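S.K.: Quick one, query-v1.pdb (PDB, N, CA and C atoms):
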ATOM      1  N   MET A  25     -44.926-163.781 135.408
ATOM      2  CA  MET A  25     -43.930-162.850 134.905
ATOM      3  C   MET A  25     -44.415-161.439 135.190
ATOM      4  N   THR A  26     -43.570-160.626 135.726
ATOM      5  CA  THR A  26     -43.954-159.251 136.030
ATOM      6  C   THR A  26     -43.180-158.295 135.156
ATOM      7  N   ALA A  27     -43.825-157.207 134.804
ATOM      8  CA  ALA A  27     -43.168-156.156 134.015
ATOM      9  C   ALA A  27     -42.462-155.206 134.970
ATOM     10  N   GLU A  28     -41.323-154.710 134.542
ATOM     11  CA  GLU A  28     -40.571-153.796 135.383
ATOM     12  C   GLU A  28     -40.373-152.488 134.632
ATOM     13  N   THR A  29     -40.731-151.375 135.253
ATOM     14  CA  THR A  29     -40.568-150.063 134.644
ATOM     15  C   THR A  29     -39.390-149.374 135.296
ATOM     16  N   LYS A  30     -38.552-148.773 134.472
ATOM     17  CA  LYS A  30     -37.363-148.110 134.996
ATOM     18  C   LYS A  30     -37.275-146.713 134.413
ATOM     19  N   THR A  31     -37.164-145.698 135.266
ATOM     20  CA  THR A  31     -36.956-144.322 134.834
ATOM     21  C   THR A  31     -35.504-143.982 135.092
ATOM     22  N   GLU A  32     -34.820-143.543 134.049
ATOM     23  CA  GLU A  32     -33.412-143.192 134.194
ATOM     24  C   GLU A  32     -33.251-141.688 134.218
ATOM     25  N   THR A  33     -32.307-141.237 135.000
ATOM     26  CA  THR A  33     -31.968-139.823 135.053
ATOM     27  C   THR A  33     -30.545-139.673 134.563
ATOM     28  N   ALA A  34     -30.341-138.761 133.610
ATOM     29  CA  ALA A  34     -29.000-138.530 133.081
ATOM     30  C   ALA A  34     -28.118-137.971 134.184
ATOM     31  N   GLN A  35     -26.885-138.396 134.222
ATOM     32  CA  GLN A  35     -25.946-137.931 135.229
ATOM     33  C   GLN A  35     -24.932-136.982 134.606
ATOM     34  N   ALA A  36     -24.603-135.922 135.306
ATOM     35  CA  ALA A  36     -23.572-135.000 134.848
ATOM     36  C   ALA A  36     -22.221-135.674 135.007
ATOM     37  N   THR A  37     -21.331-135.439 134.049
ATOM     38  CA  THR A  37     -20.011-136.026 134.130
ATOM     39  C   THR A  37     -18.963-134.940 134.006
ATOM     40  N   GLY A  38     -17.713-135.277 134.295
ATOM     41  CA  GLY A  38     -16.634-134.318 134.148
ATOM     42  C   GLY A  38     -16.431-133.529 135.420
ATOM     43  N   SER A  39     -15.752-132.396 135.274
ATOM     44  CA  SER A  39     -15.449-131.570 136.429
ATOM     45  C   SER A  39     -16.706-130.849 136.904
ATOM     46  N   CYS A  40     -16.559-130.139 138.011
ATOM     47  CA  CYS A  40     -17.711-129.433 138.573
ATOM     48  C   CYS A  40     -18.106-128.222 137.728
ATOM     49  N   CYS A  41     -17.241-127.778 136.852
ATOM     50  CA  CYS A  41     -17.557-126.631 135.996
ATOM     51  C   CYS A  41     -17.654-127.077 134.546
ATOM     52  N   SER A  42     -18.690-126.633 133.887
ATOM     53  CA  SER A  42     -18.885-126.992 132.483
ATOM     54  C   SER A  42     -18.028-126.095 131.593
ATOM     55  N   PRO A  43     -17.878-126.451 130.316
ATOM     56  CA  PRO A  43     -17.136-125.595 129.399
ATOM     57  C   PRO A  43     -17.733-124.192 129.289
ATOM     58  N   ALA A  44     -19.028-124.069 129.603
ATOM     59  CA  ALA A  44     -19.689-122.769 129.539
ATOM     60  C   ALA A  44     -19.369-121.913 130.763
ATOM     61  N   GLY A  45     -18.677-122.504 131.751
ATOM     62  CA  GLY A  45     -18.289-121.732 132.925
ATOM     63  C   GLY A  45     -19.270-121.798 134.074
ATOM     64  N   SER A  46     -20.340-122.581 133.948
ATOM     65  CA  SER A  46     -21.280-122.699 135.055
ATOM     66  C   SER A  46     -20.955-123.954 135.847
ATOM     67  N   CYS A  47     -21.461-124.037 137.053
ATOM     68  CA  CYS A  47     -21.193-125.201 137.894
ATOM     69  C   CYS A  47     -22.052-126.391 137.491
ATOM     70  N   HIS A  48     -23.116-126.148 136.745
ATOM     71  CA  HIS A  48     -24.001-127.226 136.316
ATOM     72  C   HIS A  48     -24.261-127.075 134.832
ATOM     73  N   ASP A  49     -24.241-128.204 134.139
ATOM     74  CA  ASP A  49     -24.538-128.141 132.716
ATOM     75  C   ASP A  49     -25.992-128.483 132.431
ATOM     76  N   GLY A  50     -26.779-128.780 133.472
ATOM     77  CA  GLY A  50     -28.204-129.068 133.313
ATOM     78  C   GLY A  50     -28.490-130.521 133.012
ATOM     79  N   ALA A  51     -27.487-131.325 132.687
ATOM     80  CA  ALA A  51     -27.709-132.715 132.323
ATOM     81  C   ALA A  51     -28.370-133.504 133.448
ATOM     82  N   ALA A  52     -28.074-133.187 134.698
ATOM     83  CA  ALA A  52     -28.646-133.931 135.815
ATOM     84  C   ALA A  52     -30.138-133.663 135.970
ATOM     85  N   ASP A  53     -30.648-132.601 135.359
ATOM     86  CA  ASP A  53     -32.057-132.248 135.496
ATOM     87  C   ASP A  53     -32.929-132.863 134.406
ATOM     88  N   VAL A  54     -32.343-133.523 133.425
ATOM     89  CA  VAL A  54     -33.091-134.058 132.299
ATOM     90  C   VAL A  54     -33.557-135.470 132.617
ATOM     91  N   ARG A  55     -34.852-135.734 132.436
ATOM     92  CA  ARG A  55     -35.378-137.074 132.648
ATOM     93  C   ARG A  55     -35.510-137.757 131.304
ATOM     94  N   ILE A  56     -34.879-138.887 131.148
ATOM     95  CA  ILE A  56     -34.969-139.638 129.909
ATOM     96  C   ILE A  56     -36.365-140.224 129.814
ATOM     97  N   GLY A  57     -37.011-140.051 128.670
ATOM     98  CA  GLY A  57     -38.342-140.585 128.451
ATOM     99  C   GLY A  57     -39.455-139.624 128.799
ATOM    100  N   ALA A  58     -39.142-138.443 129.319
ATOM    101  CA  ALA A  58     -40.175-137.464 129.665
ATOM    102  C   ALA A  58     -40.690-136.803 128.396
ATOM    103  N   VAL A  59     -41.959-136.452 128.405
ATOM    104  CA  VAL A  59     -42.602-135.773 127.281
ATOM    105  C   VAL A  59     -42.967-134.361 127.732
ATOM    106  N   THR A  60     -42.508-133.354 126.995
ATOM    107  CA  THR A  60     -42.832-131.964 127.298
ATOM    108  C   THR A  60     -43.788-131.448 126.228
ATOM    109  N   THR A  61     -44.927-130.938 126.662
ATOM    110  CA  THR A  61     -45.931-130.407 125.744
ATOM    111  C   THR A  61     -46.321-129.012 126.191
ATOM    112  N   VAL A  62     -46.397-128.081 125.251
ATOM    113  CA  VAL A  62     -46.808-126.711 125.542
ATOM    114  C   VAL A  62     -48.207-126.515 124.974
ATOM    115  N   TYR A  63     -49.118-126.058 125.829
ATOM    116  CA  TYR A  63     -50.506-125.822 125.436
ATOM    117  C   TYR A  63     -50.816-124.333 125.477
ATOM    118  N   GLN A  64     -51.705-123.881 124.607
ATOM    119  CA  GLN A  64     -52.243-122.523 124.641
ATOM    120  C   GLN A  64     -53.535-122.567 125.445
ATOM    121  N   VAL A  65     -53.626-121.726 126.460
ATOM    122  CA  VAL A  65     -54.806-121.665 127.324
ATOM    123  C   VAL A  65     -55.248-120.209 127.420
ATOM    124  N   THR A  66     -56.499-119.933 127.057
ATOM    125  CA  THR A  66     -56.994-118.559 127.117
ATOM    126  C   THR A  66     -57.704-118.299 128.441
ATOM    127  N   GLY A  67     -57.683-117.030 128.840
ATOM    128  CA  GLY A  67     -58.402-116.600 130.029
ATOM    129  C   GLY A  67     -57.534-116.378 131.250
ATOM    130  N   MET A  68     -56.292-116.857 131.231
ATOM    131  CA  MET A  68     -55.403-116.644 132.383
ATOM    132  C   MET A  68     -54.899-115.202 132.367
ATOM    133  N   THR A  69     -55.006-114.531 133.516
ATOM    134  CA  THR A  69     -54.559-113.136 133.586
ATOM    135  C   THR A  69     -53.615-112.848 134.749
ATOM    136  N   CYS A  70     -53.443-113.811 135.671
ATOM    137  CA  CYS A  70     -52.645-113.526 136.869
ATOM    138  C   CYS A  70     -52.084-114.806 137.466
ATOM    139  N   GLY A  71     -51.362-114.650 138.552
ATOM    140  CA  GLY A  71     -50.781-115.787 139.245
ATOM    141  C   GLY A  71     -51.817-116.757 139.780
ATOM    142  N   HIS A  72     -52.947-116.234 140.212
ATOM    143  CA  HIS A  72     -54.021-117.112 140.700
ATOM    144  C   HIS A  72     -54.504-118.005 139.562
ATOM    145  N   CYS A  73     -54.664-117.434 138.386
ATOM    146  CA  CYS A  73     -55.092-118.197 137.210
ATOM    147  C   CYS A  73     -54.069-119.294 136.898
ATOM    148  N   GLU A  74     -52.781-118.928 136.923
ATOM    149  CA  GLU A  74     -51.716-119.889 136.659
ATOM    150  C   GLU A  74     -51.795-121.056 137.644
ATOM    151  N   GLY A  75     -51.998-120.733 138.916
ATOM    152  CA  GLY A  75     -52.079-121.758 139.946
ATOM    153  C   GLY A  75     -53.269-122.677 139.778
ATOM    154  N   ALA A  76     -54.399-122.106 139.380
ATOM    155  CA  ALA A  76     -55.608-122.911 139.189
ATOM    156  C   ALA A  76     -55.421-123.921 138.058
ATOM    157  N   VAL A  77     -54.870-123.457 136.942
ATOM    158  CA  VAL A  77     -54.650-124.343 135.799
ATOM    159  C   VAL A  77     -53.587-125.390 136.139
ATOM    160  N   ALA A  78     -52.481-124.954 136.724
ATOM    161  CA  ALA A  78     -51.399-125.876 137.084
ATOM    162  C   ALA A  78     -51.886-126.922 138.083
ATOM    163  N   GLY A  79     -52.697-126.507 139.025
ATOM    164  CA  GLY A  79     -53.214-127.436 140.028
ATOM    165  C   GLY A  79     -54.056-128.542 139.421
ATOM    166  N   GLU A  80     -54.943-128.182 138.511
ATOM    167  CA  GLU A  80     -55.793-129.189 137.862
ATOM    168  C   GLU A  80     -54.977-130.131 136.986
ATOM    169  N   LEU A  81     -54.044-129.569 136.205
ATOM    170  CA  LEU A  81     -53.249-130.409 135.313
ATOM    171  C   LEU A  81     -52.297-131.313 136.090
ATOM    172  N   SER A  82     -51.819-130.860 137.232
ATOM    173  CA  SER A  82     -50.904-131.660 138.054
ATOM    174  C   SER A  82     -51.553-132.941 138.557
ATOM    175  N   GLU A  83     -52.868-132.957 138.620
ATOM    176  CA  GLU A  83     -53.582-134.134 139.114
ATOM    177  C   GLU A  83     -53.757-135.219 138.059
ATOM    178  N   LEU A  84     -53.446-134.927 136.799
ATOM    179  CA  LEU A  84     -53.571-135.942 135.754
ATOM    180  C   LEU A  84     -52.516-137.026 135.949
ATOM    181  N   PRO A  85     -52.875-138.276 135.748
ATOM    182  CA  PRO A  85     -51.909-139.370 135.901
ATOM    183  C   PRO A  85     -50.718-139.204 134.963
ATOM    184  N   GLY A  86     -49.521-139.372 135.507
ATOM    185  CA  GLY A  86     -48.316-139.302 134.704
ATOM    186  C   GLY A  86     -47.683-137.930 134.601
ATOM    187  N   VAL A  87     -48.382-136.885 135.066
ATOM    188  CA  VAL A  87     -47.834-135.532 134.999
ATOM    189  C   VAL A  87     -46.804-135.361 136.108
ATOM    190  N   THR A  88     -45.612-134.888 135.719
ATOM    191  CA  THR A  88     -44.534-134.708 136.695
ATOM    192  C   THR A  88     -44.221-133.241 136.959
ATOM    193  N   SER A  89     -44.635-132.342 136.044
ATOM    194  CA  SER A  89     -44.336-130.922 136.211
ATOM    195  C   SER A  89     -45.293-130.090 135.363
ATOM    196  N   VAL A  90     -45.714-128.943 135.909
ATOM    197  CA  VAL A  90     -46.579-128.016 135.174
ATOM    198  C   VAL A  90     -46.110-126.602 135.452
ATOM    199  N   LYS A  91     -45.993-125.797 134.401
ATOM    200  CA  LYS A  91     -45.652-124.377 134.570
ATOM    201  C   LYS A  91     -46.589-123.577 133.668
ATOM    202  N   ALA A  92     -47.411-122.746 134.273
ATOM    203  CA  ALA A  92     -48.339-121.890 133.535
ATOM    204  C   ALA A  92     -47.806-120.463 133.535
ATOM    205  N   VAL A  93     -47.899-119.801 132.383
ATOM    206  CA  VAL A  93     -47.457-118.416 132.245
ATOM    207  C   VAL A  93     -48.600-117.626 131.613
ATOM    208  N   ALA A  94     -49.304-116.862 132.435
ATOM    209  CA  ALA A  94     -50.471-116.110 131.974
ATOM    210  C   ALA A  94     -50.118-115.108 130.883
ATOM    211  N   ALA A  95     -48.983-114.435 131.010
ATOM    212  CA  ALA A  95     -48.590-113.405 130.048
ATOM    213  C   ALA A  95     -48.453-113.952 128.625
ATOM    214  N   ARG A  96     -48.136-115.235 128.510
ATOM    215  CA  ARG A  96     -48.002-115.850 127.184
ATOM    216  C   ARG A  96     -49.165-116.782 126.853
ATOM    217  N   SER A  97     -50.101-116.915 127.774
ATOM    218  CA  SER A  97     -51.226-117.852 127.616
ATOM    219  C   SER A  97     -50.733-119.262 127.335
ATOM    220  N   GLU A  98     -49.630-119.652 128.004
ATOM    221  CA  GLU A  98     -49.034-120.959 127.775
ATOM    222  C   GLU A  98     -48.938-121.767 129.061
ATOM    223  N   VAL A  99     -49.092-123.065 128.896
ATOM    224  CA  VAL A  99     -48.890-124.005 129.994
ATOM    225  C   VAL A  99     -47.973-125.102 129.475
ATOM    226  N   THR A 100     -46.842-125.292 130.150
ATOM    227  CA  THR A 100     -45.902-126.340 129.776
ATOM    228  C   THR A 100     -46.089-127.498 130.741
ATOM    229  N   VAL A 101     -46.345-128.681 130.174
ATOM    230  CA  VAL A 101     -46.596-129.873 130.973
ATOM    231  C   VAL A 101     -45.539-130.918 130.645
ATOM    232  N   VAL A 102     -44.888-131.444 131.675
ATOM    233  CA  VAL A 102     -43.954-132.548 131.506
ATOM    234  C   VAL A 102     -44.637-133.782 132.082
ATOM    235  N   SER A 103     -44.653-134.841 131.284
ATOM    236  CA  SER A 103     -45.325-136.069 131.700
ATOM    237  C   SER A 103     -44.495-137.283 131.319
ATOM    238  N   GLU A 104     -44.847-138.401 131.909
ATOM    239  CA  GLU A 104     -44.125-139.642 131.655
ATOM    240  C   GLU A 104     -44.424-140.189 130.261
ATOM    241  N   ALA A 105     -45.560-139.838 129.702
ATOM    242  CA  ALA A 105     -45.986-140.291 128.381
ATOM    243  C   ALA A 105     -46.906-139.217 127.804
ATOM    244  N   PRO A 106     -47.169-139.247 126.502
ATOM    245  CA  PRO A 106     -48.100-138.260 125.933
ATOM    246  C   PRO A 106     -49.453-138.317 126.652
ATOM    247  N   LEU A 107     -50.038-137.150 126.873
ATOM    248  CA  LEU A 107     -51.324-137.072 127.565
ATOM    249  C   LEU A 107     -52.480-137.083 126.573
ATOM    250  N   ASP A 108     -53.607-137.592 127.025
ATOM    251  CA  ASP A 108     -54.825-137.561 126.240
ATOM    252  C   ASP A 108     -55.345-136.126 126.223
ATOM    253  N   GLU A 109     -55.507-135.550 125.026
ATOM    254  CA  GLU A 109     -55.920-134.144 124.935
ATOM    255  C   GLU A 109     -57.291-133.905 125.549
ATOM    256  N   THR A 110     -58.168-134.887 125.501
ATOM    257  CA  THR A 110     -59.488-134.731 126.118
ATOM    258  C   THR A 110     -59.346-134.555 127.624
ATOM    259  N   ALA A 111     -58.448-135.316 128.250
ATOM    260  CA  ALA A 111     -58.229-135.197 129.693
ATOM    261  C   ALA A 111     -57.624-133.842 130.034
ATOM    262  N   VAL A 112     -56.702-133.375 129.195
ATOM    263  CA  VAL A 112     -56.095-132.054 129.411
ATOM    264  C   VAL A 112     -57.167-130.979 129.286
ATOM    265  N   ARG A 113     -57.996-131.071 128.252
ATOM    266  CA  ARG A 113     -59.064-130.092 128.030
ATOM    267  C   ARG A 113     -60.023-130.060 129.223
ATOM    268  N   GLU A 114     -60.405-131.229 129.725
ATOM    269  CA  GLU A 114     -61.323-131.297 130.867
ATOM    270  C   GLU A 114     -60.703-130.676 132.117
ATOM    271  N   ALA A 115     -59.404-130.899 132.332
ATOM    272  CA  ALA A 115     -58.729-130.322 133.502
ATOM    273  C   ALA A 115     -58.687-128.803 133.402
ATOM    274  N   VAL A 116     -58.378-128.287 132.213
ATOM    275  CA  VAL A 116     -58.337-126.834 132.008
ATOM    276  C   VAL A 116     -59.737-126.243 132.170
ATOM    277  N   ASP A 117     -60.742-126.920 131.634
ATOM    278  CA  ASP A 117     -62.134-126.478 131.787
ATOM    279  C   ASP A 117     -62.531-126.446 133.264
ATOM    280  N   GLU A 118     -62.131-127.471 134.003
ATOM    281  CA  GLU A 118     -62.447-127.548 135.435
ATOM    282  C   GLU A 118     -61.854-126.363 136.185
ATOM    283  N   ALA A 119     -60.701-125.897 135.739
ATOM    284  CA  ALA A 119     -60.058-124.735 136.369
ATOM    285  C   ALA A 119     -60.749-123.437 135.968
ATOM    286  N   GLY A 120     -61.589-123.480 134.934
ATOM    287  CA  GLY A 120     -62.325-122.292 134.510
ATOM    288  C   GLY A 120     -61.726-121.573 133.311
ATOM    289  N   TYR A 121     -60.890-122.264 132.539
ATOM    290  CA  TYR A 121     -60.219-121.643 131.390
ATOM    291  C   TYR A 121     -60.442-122.494 130.146
ATOM    292  N   GLU A 122     -59.912-122.035 129.016
ATOM    293  CA  GLU A 122     -60.169-122.742 127.761
ATOM    294  C   GLU A 122     -58.859-123.169 127.113
ATOM    295  N   LEU A 123     -58.787-124.464 126.810
ATOM    296  CA  LEU A 123     -57.645-125.003 126.080
ATOM    297  C   LEU A 123     -57.852-124.744 124.608
ATOM    298  N   VAL A 124     -56.906-124.009 123.993
ATOM    299  CA  VAL A 124     -56.974-123.715 122.557
ATOM    300  C   VAL A 124     -56.364-124.881 121.796
ATOM    301  N   GLY A 125     -55.291-125.440 122.310
ATOM    302  CA  GLY A 125     -54.589-126.546 121.671
ATOM    303  C   GLY A 125     -53.125-126.484 122.022
ATOM    304  N   GLN A 126     -52.342-127.278 121.311
ATOM    305  CA  GLN A 126     -50.901-127.260 121.534
ATOM    306  C   GLN A 126     -50.280-126.056 120.859
ATOM    307  N   ALA A 127     -49.276-125.496 121.501
ATOM    308  CA  ALA A 127     -48.590-124.317 120.945
ATOM    309  C   ALA A 127     -47.636-124.738 119.863
TER     310      ALA A 127
END
When written as structure tokens, how does the structure in this file appear?

M.R.:
Amino acid sequence: MTAETKTETAQATGSCCSPAGSCHDGAADVRIGAVTTVYQVTGMTCGHCEGAVAGELSELPGVTSVKAVAARSEVTVVSEAPLDETAVREAVDEAGYELVGQA
């Protein structure tokens, strides 16, 4: 017997324009089952810093998206399941920065 994993993506329905007047209501961009976590990371001061942190975190298993914002000292990580904080901390440390915790 084999296990089967299925990732579903929500589909936009209705006309091409949403009630808000835009051509997209964003529903097609939402992944069902995705986990979004925002972390506080100290030491980032520029785009290079953002790239270094994002690059390390992107290599963690299950991570599908990373966005680092130095001005807010925040890193938003989207993953298939909750991440182990020790693994996140090690990735941030490897990039040369410090994980404070979840925002």

S.K.: Atom CA of His72 of chain A and atom CA of Val90 of chain A, how far apart in Å?

M.R.: 14.3 Å

S.K.: Could you expand the PyMOL selection byres ((chain A and resi 78) around 8) into the explicit residues it covers here, written as a list in words?

M.R.: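 Given this file, the PyMOL selection byres ((chain A and resi 78) around 8) evaluates to His72, Cys73, Glu74, Gly75, Ala76, Val77, Gly79, Glu80, Leu81, Ser82, Glu83, Ser89, Val90, Lys91, Ala92, Val99, Val116 and Ala119 of chain A.
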
S.K.: How many Å separate atom C of Gly120 of chain A from atom C of Gly57 of chain A?

M.R.: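 Interatomic distance, atom C of Gly120 of chain A to atom C of Gly57 of chain A: 29.0 Å.
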
S.K.: Which residues, protein or nucleic acid, reach to within 8 Å of (-45.8, -134.6, 128.5) in the file's coordinates when using only N, CA and C atoms, and can you give that as a ChimeraX atom specification?

M.R.: /A:58-62,86-89,100-107

S.K.: Given the choices A:Gln126, A:Arg113, A:Leu84, A:Tyr121, which gets closest to Thr66 of chain A if the distance is worked out from only N, CA and C atoms?

M.R.: A:Tyr121

S.K.: Do you have the atom CA of Ser97 of chain A-atom CA of Pro85 of chain A distance handy?

M.R.: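 Taking atom CA of Ser97 of chain A and atom CA of Pro85 of chain A, their separation equals 23.1 Å.
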
S.K.: Using only N, CA and C atoms, determine which residues lie at most 5 Å from Gln64 of chain A, disregarding the query and same-chain residues fewer than 3 positions distant; provide the list as an mmCIF file with N, CA and C atoms, in the frame of the given file.

M.R.:
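So the final result, stored in selection.cif, reads:
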data_model
loop_
_atom_site.group_PDB
_atom_site.id
_atom_site.type_symbol
_atom_site.label_atom_id
_atom_site.label_comp_id
_atom_site.auth_asym_id
_atom_site.auth_seq_id
_atom_site.Cartn_x
_atom_site.Cartn_y
_atom_site.Cartn_z
ATOM 1 N N SER A 97 -50.101 -116.915 127.774
ATOM 2 C CA SER A 97 -51.226 -117.852 127.616
ATOM 3 C C SER A 97 -50.733 -119.262 127.335
ATOM 4 N N GLU A 98 -49.630 -119.652 128.004
ATOM 5 C CA GLU A 98 -49.034 -120.959 127.775
ATOM 6 C C GLU A 98 -48.938 -121.767 129.061
ATOM 7 N N LEU A 123 -58.787 -124.464 126.810
ATOM 8 C CA LEU A 123 -57.645 -125.003 126.080
ATOM 9 C C LEU A 123 -57.852 -124.744 124.608
ATOM 10 N N VAL A 124 -56.906 -124.009 123.993
ATOM 11 C CA VAL A 124 -56.974 -123.715 122.557
ATOM 12 C C VAL A 124 -56.364 -124.881 121.796
ATOM 13 N N GLY A 125 -55.291 -125.440 122.310
ATOM 14 C CA GLY A 125 -54.589 -126.546 121.671
ATOM 15 C C GLY A 125 -53.125 -126.484 122.022
ATOM 16 N N GLN A 126 -52.342 -127.278 121.311
ATOM 17 C CA GLN A 126 -50.901 -127.260 121.534
ATOM 18 C C GLN A 126 -50.280 -126.056 120.859
ATOM 19 N N ALA A 127 -49.276 -125.496 121.501
ATOM 20 C CA ALA A 127 -48.590 -124.317 120.945
ATOM 21 C C ALA A 127 -47.636 -124.738 119.863
#

S.K.: For the file shown, what are the residues hit by the PyMOL selection byres (((chain A and resi 69 and name CA) around 7) and name CA), laid out as a PyMOL selection string?

M.R.: chain A and resi 67-68+70+73+94-95

S.K.: Go ahead and write the selection's residues with N, CA and C atoms as a short mmCIF file (atom, residue, chain, number, x, y, z; two decimals), in the frame of the given file.

M.R.:
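Okay, again09.cif is ready:
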data_model
loop_
_atom_site.label_atom_id
_atom_site.label_comp_id
_atom_site.auth_asym_id
_atom_site.auth_seq_id
_atom_site.Cartn_x
_atom_site.Cartn_y
_atom_site.Cartn_z
N GLY A 67 -57.68 -117.03 128.84
CA GLY A 67 -58.40 -116.60 130.03
C GLY A 67 -57.53 -116.38 131.25
N MET A 68 -56.29 -116.86 131.23
CA MET A 68 -55.40 -116.64 132.38
C MET A 68 -54.90 -115.20 132.37
N CYS A 70 -53.44 -113.81 135.67
CA CYS A 70 -52.64 -113.53 136.87
C CYS A 70 -52.08 -114.81 137.47
N CYS A 73 -54.66 -117.43 138.39
CA CYS A 73 -55.09 -118.20 137.21
C CYS A 73 -54.07 -119.29 136.90
N ALA A 94 -49.30 -116.86 132.44
CA ALA A 94 -50.47 -116.11 131.97
C ALA A 94 -50.12 -115.11 130.88
N ALA A 95 -48.98 -114.44 131.01
CA ALA A 95 -48.59 -113.40 130.05
C ALA A 95 -48.45 -113.95 128.62
#

S.K.: Among segment 79-122 of chain A, which ones does DSSP place in strand (DSSP E), written as a list in words?

M.R.: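 Filtering segment 79-122 of chain A to strand (DSSP E) leaves Val87, Thr88, Ser89, Val90, Lys91, Ala92, Val93, Glu98, Val99, Thr100, Val101, Val102, Ser103 and Glu122 of chain A.
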